[in-house]
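A.B. asks: Dropping in data_12.txt, which is compact mmCIF, C-alpha atoms and all ligand atoms:
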# COMPACT_ATOMS: atom_id res chain seq x y z
CA MET X 1 -30.44 -48.71 248.39
CA LEU X 2 -29.43 -51.69 246.37
CA HIS X 3 -29.16 -50.61 242.78
CA ASN X 4 -27.60 -53.32 240.66
CA ILE X 5 -26.02 -51.69 237.59
CA ILE X 6 -23.84 -53.51 235.09
CA ILE X 7 -22.10 -51.56 232.31
CA ASP X 8 -20.80 -54.06 229.80
CA THR X 9 -20.63 -54.57 226.06
CA ASN X 10 -20.42 -58.34 226.41
CA TYR X 11 -23.86 -59.87 225.78
CA ASN X 12 -22.83 -63.04 227.61
CA THR X 13 -22.74 -61.20 230.94
CA PHE X 14 -26.41 -60.50 230.52
CA GLU X 15 -27.15 -64.03 229.34
CA THR X 16 -25.42 -65.49 232.40
CA TRP X 17 -27.30 -63.18 234.74
CA ILE X 18 -30.73 -63.88 233.26
CA ASN X 19 -30.17 -67.64 233.22
CA GLN X 20 -29.48 -67.58 236.94
CA GLN X 21 -32.92 -66.11 237.65
CA ASN X 22 -36.07 -68.06 238.37
CA TYR X 23 -38.93 -66.27 236.71
CA THR X 24 -42.05 -68.17 235.70
CA GLU X 25 -42.78 -65.82 232.79
CA ILE X 26 -40.78 -63.14 230.98
CA ALA X 27 -42.01 -60.28 228.77
CA VAL X 28 -39.88 -57.85 226.79
CA LEU X 29 -41.21 -54.31 226.32
CA VAL X 30 -40.01 -52.38 223.26
CA ASP X 31 -41.17 -49.63 220.91
CA GLU X 32 -41.07 -49.99 217.13
CA ASN X 33 -37.51 -48.59 216.95
CA THR X 34 -35.96 -50.62 219.73
CA ASN X 35 -37.82 -53.63 218.36
CA GLN X 36 -36.02 -53.09 215.06
CA PHE X 37 -32.58 -52.01 216.26
CA CYS X 38 -31.99 -53.32 219.79
CA TYR X 39 -34.10 -56.39 220.47
CA PRO X 40 -32.42 -58.46 217.70
CA LEU X 41 -29.05 -58.01 219.44
CA LEU X 42 -30.43 -59.70 222.56
CA GLN X 43 -33.18 -61.96 221.31
CA LYS X 44 -31.10 -65.14 221.23
CA LYS X 45 -29.65 -64.51 224.68
CA LEU X 46 -33.05 -64.45 226.32
CA PRO X 47 -34.88 -67.44 227.78
CA LYS X 48 -38.42 -68.11 226.51
CA HIS X 49 -40.29 -64.82 226.48
CA GLN X 50 -43.18 -62.83 225.04
CA ILE X 51 -42.80 -59.47 223.35
CA ILE X 52 -44.93 -56.38 223.93
CA ILE X 53 -44.54 -53.57 221.38
CA ILE X 54 -45.78 -50.03 222.06
CA LYS X 55 -45.57 -46.86 219.98
CA SER X 56 -42.47 -44.71 220.45
CA GLY X 57 -42.40 -41.15 221.72
CA GLU X 58 -43.24 -39.04 224.75
CA LYS X 59 -46.85 -38.62 223.62
CA HIS X 60 -47.40 -42.32 224.28
CA LYS X 61 -45.99 -42.21 227.82
CA ASN X 62 -49.53 -42.22 229.18
CA LEU X 63 -52.25 -44.22 230.85
CA LYS X 64 -53.60 -45.56 227.57
CA THR X 65 -50.29 -47.25 226.78
CA CYS X 66 -50.11 -48.62 230.35
CA GLN X 67 -53.52 -50.18 229.82
CA GLN X 68 -52.21 -51.91 226.69
CA VAL X 69 -49.27 -53.31 228.65
CA TRP X 70 -51.40 -54.42 231.64
CA LYS X 71 -53.91 -55.96 229.23
CA GLN X 72 -51.26 -58.00 227.47
CA LEU X 73 -49.73 -59.18 230.74
CA THR X 74 -53.22 -60.20 231.88
CA HIS X 75 -54.03 -62.02 228.62
CA LEU X 76 -50.69 -63.79 228.79
CA ASN X 77 -51.70 -64.93 232.28
CA PHE X 78 -48.54 -63.55 233.88
CA SER X 79 -48.19 -64.27 237.59
CA ARG X 80 -46.53 -62.25 240.35
CA LYS X 81 -43.34 -64.20 239.69
CA ALA X 82 -43.02 -62.72 236.18
CA LEU X 83 -40.29 -60.42 234.90
CA LEU X 84 -40.61 -57.42 232.59
CA ILE X 85 -37.54 -56.43 230.56
CA ASN X 86 -37.64 -52.84 229.29
CA ILE X 87 -35.49 -52.38 226.19
CA GLY X 88 -35.53 -48.75 225.09
CA GLY X 89 -35.10 -45.10 225.94
CA GLY X 90 -36.44 -43.21 228.92
CA VAL X 91 -40.04 -43.52 227.74
CA ILE X 92 -39.93 -47.33 227.72
CA GLY X 93 -38.04 -47.40 231.03
CA ASP X 94 -40.35 -44.98 232.84
CA LEU X 95 -43.58 -46.51 231.54
CA GLY X 96 -42.39 -50.10 231.80
CA GLY X 97 -41.12 -49.56 235.34
CA PHE X 98 -44.46 -48.07 236.33
CA CYS X 99 -46.45 -50.91 234.73
CA ALA X 100 -44.24 -53.45 236.51
CA ALA X 101 -44.72 -51.68 239.84
CA THR X 102 -48.49 -51.79 239.55
CA TYR X 103 -49.25 -55.09 237.79
CA LYS X 104 -50.54 -57.45 240.52
CA ARG X 105 -49.03 -55.02 243.09
CA GLY X 106 -45.60 -55.36 241.59
CA ILE X 107 -43.49 -57.71 239.50
CA ASP X 108 -39.74 -57.53 238.98
CA PHE X 109 -38.36 -55.57 236.07
CA ILE X 110 -35.01 -54.80 234.51
CA GLN X 111 -33.88 -51.79 232.54
CA ILE X 112 -31.88 -52.13 229.34
CA PRO X 113 -31.47 -48.48 228.34
CA THR X 114 -30.72 -47.89 224.67
CA THR X 115 -30.45 -44.09 224.42
CA LEU X 116 -27.63 -42.05 225.92
CA LEU X 117 -30.17 -40.16 228.03
CA ALA X 118 -31.59 -43.37 229.45
CA GLN X 119 -28.13 -44.86 230.02
CA VAL X 120 -26.69 -41.94 231.99
CA ASP X 121 -29.88 -40.71 233.61
CA ALA X 122 -33.34 -42.31 233.32
CA SER X 123 -32.33 -45.91 234.06
CA VAL X 124 -30.51 -44.95 237.26
CA GLY X 125 -32.29 -43.84 240.43
CA GLY X 126 -35.58 -45.73 240.48
CA LYS X 127 -37.95 -43.02 239.25
CA THR X 128 -40.73 -44.43 237.06
CA GLY X 129 -43.96 -42.92 235.80
CA ILE X 130 -46.13 -41.49 233.08
CA ASP X 131 -47.43 -38.11 231.92
CA PHE X 132 -50.99 -37.13 232.83
CA GLN X 133 -53.18 -34.21 231.74
CA ASN X 134 -50.28 -32.41 230.08
CA PHE X 135 -48.10 -32.67 233.17
CA LYS X 136 -44.89 -34.57 232.77
CA ASN X 137 -44.30 -37.49 235.13
CA GLN X 138 -47.44 -36.57 237.08
CA ILE X 139 -48.22 -40.17 238.06
CA GLY X 140 -45.48 -42.51 239.15
CA VAL X 141 -43.63 -44.40 241.83
CA PHE X 142 -40.10 -44.99 242.99
CA ASN X 143 -39.29 -48.52 241.94
CA ILE X 144 -35.81 -49.99 241.74
CA PRO X 145 -35.12 -52.45 238.93
CA LYS X 146 -33.61 -55.86 239.73
CA LEU X 147 -30.90 -54.92 237.23
CA THR X 148 -29.94 -52.04 234.98
CA TRP X 149 -27.82 -53.45 232.18
CA ILE X 150 -26.08 -50.78 230.14
CA ASN X 151 -24.49 -51.63 226.82
CA THR X 152 -23.09 -48.70 224.82
CA ASN X 153 -23.23 -50.78 221.60
CA PHE X 154 -26.92 -49.87 221.43
CA LEU X 155 -25.96 -46.24 220.82
CA ALA X 156 -24.68 -47.08 217.32
CA THR X 157 -28.17 -46.87 215.79
CA LEU X 158 -29.37 -43.86 217.77
CA PRO X 159 -30.07 -40.74 215.66
CA GLU X 160 -27.42 -38.06 216.29
CA ARG X 161 -29.96 -35.57 217.58
CA GLU X 162 -31.04 -38.06 220.29
CA LEU X 163 -27.40 -38.72 221.19
CA LYS X 164 -26.81 -34.99 221.53
CA SER X 165 -29.88 -34.63 223.72
CA GLY X 166 -28.55 -37.28 226.11
CA PHE X 167 -25.14 -35.62 226.07
CA ALA X 168 -26.65 -32.63 227.89
CA GLU X 169 -27.09 -34.81 230.99
CA VAL X 170 -23.44 -35.88 230.66
CA ILE X 171 -22.44 -32.20 230.63
CA LYS X 172 -24.68 -31.63 233.66
CA HIS X 173 -23.08 -34.45 235.64
CA THR X 174 -19.57 -33.08 235.07
CA LEU X 175 -20.61 -29.51 235.94
CA ILE X 176 -22.20 -30.52 239.25
CA ALA X 177 -19.66 -33.08 240.33
CA ASP X 178 -16.31 -33.18 238.56
CA LYS X 179 -14.30 -30.17 237.44
CA ASN X 180 -11.48 -32.29 235.91
CA ALA X 181 -13.97 -34.27 233.84
CA TRP X 182 -15.51 -30.99 232.63
CA LYS X 183 -12.09 -29.73 231.53
CA ASP X 184 -11.46 -33.03 229.71
CA LEU X 185 -14.88 -32.88 228.08
CA ILE X 186 -14.37 -29.44 226.59
CA LYS X 187 -10.92 -30.33 225.26
CA LYS X 188 -12.39 -32.68 222.68
CA GLU X 189 -12.84 -30.92 219.38
CA LYS X 190 -15.91 -32.89 218.30
CA TRP X 191 -18.35 -34.05 220.97
CA GLN X 192 -19.30 -37.00 218.70
CA ASP X 193 -15.78 -38.43 219.09
CA HIS X 194 -16.07 -39.24 222.78
CA ASP X 195 -15.38 -42.73 224.05
CA TRP X 196 -18.98 -43.50 225.06
CA GLN X 197 -18.07 -46.42 227.27
CA LYS X 198 -15.87 -44.15 229.40
CA ILE X 199 -18.35 -41.29 229.36
CA VAL X 200 -21.30 -43.48 230.35
CA GLU X 201 -19.41 -45.21 233.16
CA HIS X 202 -18.30 -41.89 234.62
CA SER X 203 -21.71 -40.28 234.32
CA VAL X 204 -23.61 -43.24 235.78
CA ASN X 205 -21.26 -43.28 238.77
CA ILE X 206 -21.93 -39.63 239.48
CA LYS X 207 -25.70 -40.11 239.35
CA LYS X 208 -25.60 -43.36 241.34
CA ASN X 209 -23.52 -41.82 244.13
CA ILE X 210 -25.85 -38.87 244.47
CA VAL X 211 -29.01 -40.99 244.43
CA GLU X 212 -27.62 -43.39 247.01
CA LYS X 213 -26.98 -40.52 249.40
CA ASP X 214 -30.52 -39.15 249.09
CA PHE X 215 -32.94 -41.53 247.41
CA ASP X 216 -36.09 -39.53 248.35
CA GLU X 217 -34.75 -36.24 246.94
CA LYS X 218 -34.91 -34.42 250.28
CA ASN X 219 -31.60 -32.64 249.78
CA ILE X 220 -28.51 -33.50 247.72
CA ARG X 221 -30.39 -35.35 244.95
CA LYS X 222 -31.84 -31.95 244.03
CA ILE X 223 -28.50 -30.98 242.45
CA LEU X 224 -29.40 -33.28 239.55
CA ASN X 225 -31.91 -30.59 238.62
CA PHE X 226 -29.13 -28.21 237.58
CA GLY X 227 -30.31 -26.52 234.36
CA HIS X 228 -33.79 -28.00 234.77
CA THR X 229 -35.70 -25.08 236.35
CA LEU X 230 -35.54 -22.93 233.24
CA GLY X 231 -34.90 -25.99 231.06
CA HIS X 232 -38.28 -27.53 231.91
CA ALA X 233 -39.96 -24.16 231.34
CA ILE X 234 -38.64 -23.86 227.77
CA GLU X 235 -39.38 -27.53 227.19
CA SER X 236 -43.04 -26.85 228.10
CA PHE X 237 -43.01 -23.64 226.04
CA TYR X 238 -41.98 -25.49 222.88
CA LEU X 239 -44.36 -28.33 223.61
CA ASN X 240 -47.18 -25.97 222.62
CA LYS X 241 -45.42 -24.83 219.44
CA PRO X 242 -45.81 -27.28 216.59
CA SER X 243 -43.32 -25.29 214.48
CA LYS X 244 -40.31 -26.17 216.60
CA LYS X 245 -39.75 -29.30 218.65
CA LEU X 246 -37.20 -29.22 221.42
CA LEU X 247 -35.85 -32.44 222.92
CA HIS X 248 -35.38 -32.63 226.68
CA GLY X 249 -31.58 -32.39 226.55
CA GLU X 250 -31.70 -29.47 224.13
CA ALA X 251 -33.85 -27.57 226.62
CA ILE X 252 -31.64 -28.53 229.55
CA ALA X 253 -28.51 -27.41 227.67
CA GLN X 254 -30.04 -23.96 227.35
CA GLY X 255 -31.17 -24.07 230.98
CA MET X 256 -27.59 -24.76 232.09
CA ILE X 257 -26.32 -21.65 230.31
CA TRP X 258 -28.89 -19.54 232.14
CA ALA X 259 -28.29 -21.27 235.47
CA SER X 260 -24.57 -20.57 235.22
CA GLN X 261 -25.29 -16.92 234.43
CA LEU X 262 -27.51 -16.72 237.51
CA SER X 263 -24.75 -18.44 239.49
CA GLN X 264 -22.65 -15.29 239.35
CA LYS X 265 -24.94 -14.08 242.13
CA ILE X 266 -23.27 -16.62 244.44
CA GLY X 267 -19.77 -15.93 243.18
CA PHE X 268 -19.45 -18.17 240.12
CA SER X 269 -16.68 -16.94 237.87
CA VAL X 270 -17.45 -14.84 234.80
CA ILE X 271 -14.80 -16.69 232.78
CA GLU X 272 -16.32 -20.08 233.53
CA THR X 273 -19.79 -18.75 232.73
CA GLN X 274 -18.47 -17.78 229.30
CA GLU X 275 -16.74 -21.14 228.93
CA ILE X 276 -20.02 -22.98 229.59
CA ASP X 277 -21.96 -20.65 227.30
CA GLU X 278 -19.50 -21.10 224.42
CA TYR X 279 -19.19 -24.85 224.78
CA ILE X 280 -22.94 -25.46 224.93
CA THR X 281 -23.80 -22.94 222.20
CA ASN X 282 -21.24 -24.54 219.88
CA ILE X 283 -22.94 -27.90 220.21
CA TYR X 284 -26.60 -26.95 220.54
CA GLY X 285 -26.74 -23.63 218.71
CA GLU X 286 -28.11 -20.38 220.00
CA LEU X 287 -31.72 -20.10 221.09
CA LYS X 288 -33.00 -16.65 220.17
CA LEU X 289 -36.07 -15.59 222.11
CA LYS X 290 -38.37 -12.62 221.74
CA LYS X 291 -39.34 -10.52 224.74
CA ASN X 292 -42.87 -11.90 224.95
CA GLU X 293 -41.51 -15.46 224.67
CA ILE X 294 -39.20 -14.85 227.61
CA GLU X 295 -42.16 -13.57 229.66
CA ASN X 296 -44.11 -16.74 228.78
CA ILE X 297 -41.20 -18.98 229.70
CA ILE X 298 -40.74 -17.30 233.08
CA GLN X 299 -44.43 -17.77 233.87
CA LEU X 300 -44.11 -21.47 233.02
CA ILE X 301 -41.59 -21.90 235.84
CA TYR X 302 -44.50 -21.61 238.30
CA GLN X 303 -45.97 -24.85 236.93
CA ASP X 304 -43.31 -26.48 239.05
CA LYS X 305 -44.88 -26.92 242.47
CA LYS X 306 -41.60 -26.02 244.19
CA ASN X 307 -41.85 -22.42 242.97
CA PHE X 308 -44.42 -19.94 244.20
CA ASN X 309 -44.81 -16.38 245.51
CA HIS X 310 -42.53 -15.01 242.79
CA GLN X 311 -39.65 -16.92 244.31
CA ILE X 312 -38.07 -19.71 242.39
CA ASN X 313 -35.73 -22.43 243.61
CA PHE X 314 -32.60 -22.92 241.58
CA VAL X 315 -29.58 -25.18 241.64
CA LEU X 316 -26.62 -22.87 241.08
CA LEU X 317 -22.88 -23.36 240.90
CA GLU X 318 -20.52 -21.82 243.41
CA SER X 319 -17.77 -23.25 241.23
CA ILE X 320 -17.62 -26.14 238.77
CA GLY X 321 -18.21 -29.32 240.79
CA LYS X 322 -19.70 -27.36 243.70
CA PRO X 323 -23.45 -26.91 243.28
CA ILE X 324 -25.76 -25.28 245.82
CA PHE X 325 -29.42 -26.26 245.83
CA ASP X 326 -32.57 -24.41 246.98
CA VAL X 327 -31.16 -20.99 246.07
CA LYS X 328 -34.08 -18.55 245.99
CA ILE X 329 -34.11 -16.40 242.89
CA GLU X 330 -36.62 -13.68 242.17
CA GLU X 331 -38.37 -13.21 238.88
CA ASN X 332 -36.54 -9.93 238.29
CA GLU X 333 -33.16 -11.59 238.64
CA ILE X 334 -34.11 -14.03 235.89
CA LYS X 335 -35.30 -11.19 233.69
CA ASN X 336 -31.95 -9.47 234.20
CA ILE X 337 -30.01 -12.31 232.56
CA PHE X 338 -32.10 -11.90 229.43
CA TYR X 339 -32.11 -8.14 229.22
CA ILE X 340 -28.50 -7.21 229.95
N1 LIG X 401 -36.73 -41.81 235.37
C1 LIG X 401 -35.86 -40.84 235.36
O1 LIG X 401 -35.12 -40.62 236.32
C2 LIG X 401 -35.74 -40.01 234.13
C3 LIG X 401 -34.65 -39.15 233.98
C4 LIG X 401 -34.54 -38.42 232.80
C5 LIG X 401 -35.50 -38.56 231.81
N2 LIG X 401 -36.55 -39.41 232.00
C6 LIG X 401 -37.58 -39.58 230.96
O2 LIG X 401 -36.97 -40.14 229.80
C7 LIG X 401 -37.75 -39.80 228.67
C8 LIG X 401 -36.83 -39.42 227.53
O3 LIG X 401 -36.01 -40.50 227.24
P1 LIG X 401 -35.23 -40.63 225.85
O4 LIG X 401 -34.56 -39.36 225.55
O5 LIG X 401 -34.44 -41.88 225.95
O6 LIG X 401 -36.43 -40.73 224.80
P2 LIG X 401 -37.21 -41.94 224.09
O7 LIG X 401 -37.40 -43.08 225.00
O8 LIG X 401 -38.41 -41.33 223.49
O9 LIG X 401 -36.19 -42.38 222.93
C9 LIG X 401 -35.88 -41.48 221.90
C10 LIG X 401 -36.11 -42.10 220.51
O10 LIG X 401 -35.03 -42.98 220.20
C11 LIG X 401 -35.54 -44.25 219.79
N3 LIG X 401 -34.52 -45.22 220.19
C12 LIG X 401 -34.22 -45.64 221.42
N4 LIG X 401 -33.10 -46.38 221.41
C13 LIG X 401 -32.70 -46.45 220.14
C14 LIG X 401 -31.58 -47.06 219.51
N5 LIG X 401 -30.63 -47.69 220.21
N6 LIG X 401 -31.46 -46.94 218.16
C15 LIG X 401 -32.38 -46.23 217.45
N7 LIG X 401 -33.44 -45.61 218.00
C16 LIG X 401 -33.59 -45.72 219.33
C17 LIG X 401 -36.88 -44.38 220.48
O11 LIG X 401 -37.71 -45.28 219.83
C18 LIG X 401 -37.38 -42.94 220.40
O12 LIG X 401 -37.95 -42.71 219.14
C19 LIG X 401 -38.70 -38.70 229.09
O13 LIG X 401 -39.99 -39.23 229.19
C20 LIG X 401 -38.19 -38.30 230.47
O14 LIG X 401 -39.22 -37.85 231.31
C21 LIG X 401 -36.67 -40.13 233.13
ZN ZN X 402 -32.95 -34.13 232.55
Kindly transcribe the structure held in the file into structure tokens.
Ligand SMILES: NC(=O)c1ccc[n+]([C@@H]2O[C@H](COP(=O)([O-])OP(=O)(O)OC[C@H]3O[C@@H](n4cnc5c(N)ncnc54)[C@H](O)[C@@H]3O)[C@@H](O)[C@H]2O)c1
Ligand SMILES: [Zn+2]
C.D. replies:
Amino acid sequence: MLHNIIIDTNYNTFETWINQQNYTEIAVLVDENTNQFCYPLLQKKLPKHQIIIIKSGEKHKNLKTCQQVWKQLTHLNFSRKALLINIGGGVIGDLGGFCAATYKRGIDFIQIPTTLLAQVDASVGGKTGIDFQNFKNQIGVFNIPKLTWINTNFLATLPERELKSGFAEVIKHTLIADKNAWKDLIKKEKWQDHDWQKIVEHSVNIKKNIVEKDFDEKNIRKILNFGHTLGHAIESFYLNKPSKKLLHGEAIAQGMIWASQLSQKIGFSVIETQEIDEYITNIYGELKLKKNEIENIIQLIYQDKKNFNHQINFVLLESIGKPIFDVKIEENEIKNIFYI
């Protein structure tokens, strides 16, 4: 797989790259926030282009928004030689990548991720798509961008809660792939004080290496789902609760605590389970759940098509940096981690 990723805070690198291309038309896709905070940093570096603005947020990652994008591309008379530049978080990247893949059977696109989550995760690996009928990422395609250009300067305007949400994927990458990096990560007193350039570079490399080994997610790519089996279930649970909103990374952080507890079944150390629990709880707080809520969350795991017959597939840790995927866990074993 040829995944061209540049991590650079110098805007001229991007300007040089884009000026070497030969696109007949260029459109920039943003939401109202990235239009305000990110687009102005790049505007003057871009060749002649049109701008398409959509509404921000997961609830707009749907077919209706795609129609708006396709409509504008059509009205602008864009040909198959056009380029779409997605400037934004994972929502813009996923939806923009999908629109690019389908407009006139596919035009080129580039990802300029502006959230930590999109920089270390969503913009790497070629997954694009939209939500459909309350199912996340139900419709989509694998589609590799011509370029993913990552500039950590964009993170300066990101709300802290969004930064923290993306940081959960950074934690995940160290836990599944790099014990030394995990030990370095937890040494820092305040997670906000990390050198984001270093963190992003390291995290992107981990994801890129895994994806390149198994693009179609037949085996090793599954380890990127560490924390996501229960994480997705609580994410869905809170989706239906207007009183409390949980961001993706906040749910995954919790999911990683539970996955490491379950990992003791395959020999993961008790001390490291506590270390993970303490570190994550310090940053994300404790999620207190009632018995009936736990029951609901467990049932939501079966929404994932990979889990059926009361058996659920987990990614667990044998040790930090050594994940095992497709570990079958029974419902009762999950209940045990809540009720001990
Ligand atoms: N394709 C993949 O492999 C993959 C992987 C992980 C997640 N995702 C998807 O990513 C999405 C979540 O992405 P996200 O967390 O980036 O959310 P998001 O795109 O909704 O962005 C979060 C918020 O931050 C704002 N924002 C973005 N950049 C900003 C900046 N620099 N300054 C100020 N505000 C800014 C956005 O407008 C939005 O309000 C989900 O839809 C998820 O399914 C995809
Ligand atoms: Zn995730």
A.B. asks: From the options X:Trp182, X:Trp258, X:Tyr284, X:Phe37, which residue's atoms come nearest to ligand LIG 401 (chain X), counting all atoms listed in the file?
C.D. replies: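 Result for the nearest residue to ligand LIG 401 (chain X): X:Phe37.
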A.B. asks: Point out the residue among X:Thr229, X:Asn77, X:Gln254, X:Gln138 with the least atom-to-atom distance to Ala27 (chain X), counting all atoms listed in the file.
C.D. replies: X:Asn77
A.B. asks: Could you make a table, as a tab-separated table, of the residues of region 91-169 of chain X that have an atom within 12 Å of an atom of region 275-282 of chain X, each with its nearest atom pair and distance in Å to one decimal, counting only C-alpha atoms, in chain and number order?
C.D. replies:
residue	atom	partner	partner_atom	distance
X:Lys164	CA	X:Ile280	CA	10.8
X:Ser165	CA	X:Ile280	CA	11.6
X:Phe167	CA	X:Ile280	CA	10.5
X:Ala168	CA	X:Ile280	CA	8.6
X:Glu169	CA	X:Ile280	CA	11.9
A.B. asks: Considering only C-alpha atoms and all ligand atoms, tabulate each residue of chain X that lies at most 9 Å from ligand ZN 402 (chain X) along with its nearest interatomic pair and the corresponding distance in Å to one decimal; arrange the rows by chain and ascending residue number and present them as a tab-separated table.
C.D. replies:
residue	atom	partner	partner_atom	distance
X:Leu117	CA	X:ZN402	ZN	8.0
X:Asp121	CA	X:ZN402	ZN	7.3
X:Ala122	CA	X:ZN402	ZN	8.2
X:Gly166	CA	X:ZN402	ZN	8.4
X:Ala168	CA	X:ZN402	ZN	8.0
X:Glu169	CA	X:ZN402	ZN	6.1
X:Lys172	CA	X:ZN402	ZN	8.7
X:Leu224	CA	X:ZN402	ZN	7.9
X:Asn225	CA	X:ZN402	ZN	7.1
X:Phe226	CA	X:ZN402	ZN	8.7
X:Gly227	CA	X:ZN402	ZN	8.3
X:His228	CA	X:ZN402	ZN	6.6
X:Gly231	CA	X:ZN402	ZN	8.5
X:His232	CA	X:ZN402	ZN	8.5
X:His248	CA	X:ZN402	ZN	6.5
X:Gly249	CA	X:ZN402	ZN	6.4
X:Ala251	CA	X:ZN402	ZN	8.9
X:Ile252	CA	X:ZN402	ZN	6.5
A.B. asks: Once you have the residues from the selection above, write them out as a CSV table (one decimal), in the coordinates of the input, restricted to C-alpha atoms.
C.D. replies:
chain,number,residue,atom,x,y,z
X,117,LEU,CA,-30.2,-40.2,228.0
X,121,ASP,CA,-29.9,-40.7,233.6
X,122,ALA,CA,-33.3,-42.3,233.3
X,166,GLY,CA,-28.6,-37.3,226.1
X,168,ALA,CA,-26.6,-32.6,227.9
X,169,GLU,CA,-27.1,-34.8,231.0
X,172,LYS,CA,-24.7,-31.6,233.7
X,224,LEU,CA,-29.4,-33.3,239.6
X,225,ASN,CA,-31.9,-30.6,238.6
X,226,PHE,CA,-29.1,-28.2,237.6
X,227,GLY,CA,-30.3,-26.5,234.4
X,228,HIS,CA,-33.8,-28.0,234.8
X,231,GLY,CA,-34.9,-26.0,231.1
X,232,HIS,CA,-38.3,-27.5,231.9
X,248,HIS,CA,-35.4,-32.6,226.7
X,249,GLY,CA,-31.6,-32.4,226.6
X,251,ALA,CA,-33.8,-27.6,226.6
X,252,ILE,CA,-31.6,-28.5,229.6
A.B. asks: Check the smallest atom-to-atom distance from each of X:Gly126, X:Gly96, X:Pro47, X:Gly57 to Glu25 (chain X) using all atoms listed in the file, then report the winner.
C.D. replies: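 Looking only at the distances to Glu25 (chain X), the closest residue turns out to be X:Pro47.
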A.B. asks: So, counting all atoms listed in the file, which residue among X:Val124, X:Val327, X:Val270, X:Leu42 is closest to Val211 (chain X)?
C.D. replies: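 Looking at the shortest contact to Val211 (chain X), the residue is X:Val124.
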A.B. asks: Please provide as a list of chain:residue names all residues within 12 Å of Ala177 (chain X), with the sequence filter that same-chain residues fewer than 6 positions apart are discarded (counting all atoms listed in the file).
C.D. replies: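 So, after excluding close chain neighbours, the residues are X:Val170, X:Ile171, X:His202, X:Ser203, X:Val204, X:Asn205, X:Ile206, X:Lys207, X:Lys208, X:Asn209, X:Ile210, X:Ile220, X:Arg221, X:Ile223, X:Leu224, X:Phe226, X:Leu317, X:Glu318, X:Ser319, X:Ile320, X:Gly321, X:Lys322, X:Pro323, X:Ile324.
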A.B. asks: How about saving the chosen residues, C-alpha atoms kept, as an mmCIF file, in the frame of the given file?
C.D. replies:
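For reference, again_13.cif as written:
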data_model
loop_
_atom_site.group_PDB
_atom_site.id
_atom_site.type_symbol
_atom_site.label_atom_id
_atom_site.label_comp_id
_atom_site.auth_asym_id
_atom_site.auth_seq_id
_atom_site.Cartn_x
_atom_site.Cartn_y
_atom_site.Cartn_z
ATOM 1 C CA VAL X 170 -23.440 -35.880 230.660
ATOM 2 C CA ILE X 171 -22.440 -32.200 230.630
ATOM 3 C CA HIS X 202 -18.300 -41.890 234.620
ATOM 4 C CA SER X 203 -21.710 -40.280 234.320
ATOM 5 C CA VAL X 204 -23.610 -43.240 235.780
ATOM 6 C CA ASN X 205 -21.260 -43.280 238.770
ATOM 7 C CA ILE X 206 -21.930 -39.630 239.480
ATOM 8 C CA LYS X 207 -25.700 -40.110 239.350
ATOM 9 C CA LYS X 208 -25.600 -43.360 241.340
ATOM 10 C CA ASN X 209 -23.520 -41.820 244.130
ATOM 11 C CA ILE X 210 -25.850 -38.870 244.470
ATOM 12 C CA ILE X 220 -28.510 -33.500 247.720
ATOM 13 C CA ARG X 221 -30.390 -35.350 244.950
ATOM 14 C CA ILE X 223 -28.500 -30.980 242.450
ATOM 15 C CA LEU X 224 -29.400 -33.280 239.550
ATOM 16 C CA PHE X 226 -29.130 -28.210 237.580
ATOM 17 C CA LEU X 317 -22.880 -23.360 240.900
ATOM 18 C CA GLU X 318 -20.520 -21.820 243.410
ATOM 19 C CA SER X 319 -17.770 -23.250 241.230
ATOM 20 C CA ILE X 320 -17.620 -26.140 238.770
ATOM 21 C CA GLY X 321 -18.210 -29.320 240.790
ATOM 22 C CA LYS X 322 -19.700 -27.360 243.700
ATOM 23 C CA PRO X 323 -23.450 -26.910 243.280
ATOM 24 C CA ILE X 324 -25.760 -25.280 245.820
#
A.B. asks: Rank X:Asn19, X:Asn10, X:Gln36, X:Thr115 by their smallest atom-to-atom distance to ligand LIG 401 (chain X), using all atoms listed in the file, and report the top residue only.
C.D. replies: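 Of X:Asn19, X:Asn10, X:Gln36, X:Thr115, the one nearest ligand LIG 401 (chain X), counting all atoms listed in the file, is X:Thr115.
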A.B. asks: When distances are computed from only C-alpha atoms, which of X:Glu58, X:Asp193, X:Ile176, X:Leu155 shows the smallest separation from Gly129 (chain X)?
C.D. replies: X:Glu58
A.B. asks: Quick one: which chain X residues come within 6 Å of ligand LIG 401 (chain X), and what is the nearest atom pair for each with the distance in Å to one decimal, counting only C-alpha atoms and all ligand atoms, rows ordered by chain and ascending number, as a Markdown table?
C.D. replies:
| residue | atom | partner | partner_atom | distance |
| --- | --- | --- | --- | --- |
| X:Asp31 | CA | X:LIG401 | O11 | 5.7 |
| X:Asn33 | CA | X:LIG401 | O11 | 4.4 |
| X:Thr34 | CA | X:LIG401 | C13 | 5.3 |
| X:Phe37 | CA | X:LIG401 | N6 | 5.5 |
| X:Cys38 | CA | X:LIG401 | N5 | 5.8 |
| X:Ser56 | CA | X:LIG401 | O11 | 4.8 |
| X:Gly57 | CA | X:LIG401 | O8 | 4.4 |
| X:Glu58 | CA | X:LIG401 | O8 | 5.5 |
| X:Gly88 | CA | X:LIG401 | C12 | 5.0 |
| X:Gly89 | CA | X:LIG401 | O7 | 3.2 |
| X:Gly90 | CA | X:LIG401 | O3 | 3.2 |
| X:Val91 | CA | X:LIG401 | O7 | 3.8 |
| X:Ile92 | CA | X:LIG401 | O7 | 5.6 |
| X:Asp94 | CA | X:LIG401 | N1 | 5.4 |
| X:Thr114 | CA | X:LIG401 | N4 | 4.3 |
| X:Thr115 | CA | X:LIG401 | N4 | 4.6 |
| X:Leu117 | CA | X:LIG401 | O5 | 5.1 |
| X:Ala118 | CA | X:LIG401 | O5 | 4.8 |
| X:Asp121 | CA | X:LIG401 | C3 | 5.0 |
| X:Ala122 | CA | X:LIG401 | C2 | 3.4 |
| X:Gly125 | CA | X:LIG401 | O1 | 5.9 |
| X:Lys127 | CA | X:LIG401 | N1 | 4.2 |
| X:Thr128 | CA | X:LIG401 | N1 | 5.1 |
| X:Phe154 | CA | X:LIG401 | N5 | 4.5 |
| X:Leu155 | CA | X:LIG401 | N5 | 4.9 |
| X:Thr157 | CA | X:LIG401 | N6 | 4.1 |
| X:Leu158 | CA | X:LIG401 | N6 | 3.7 |
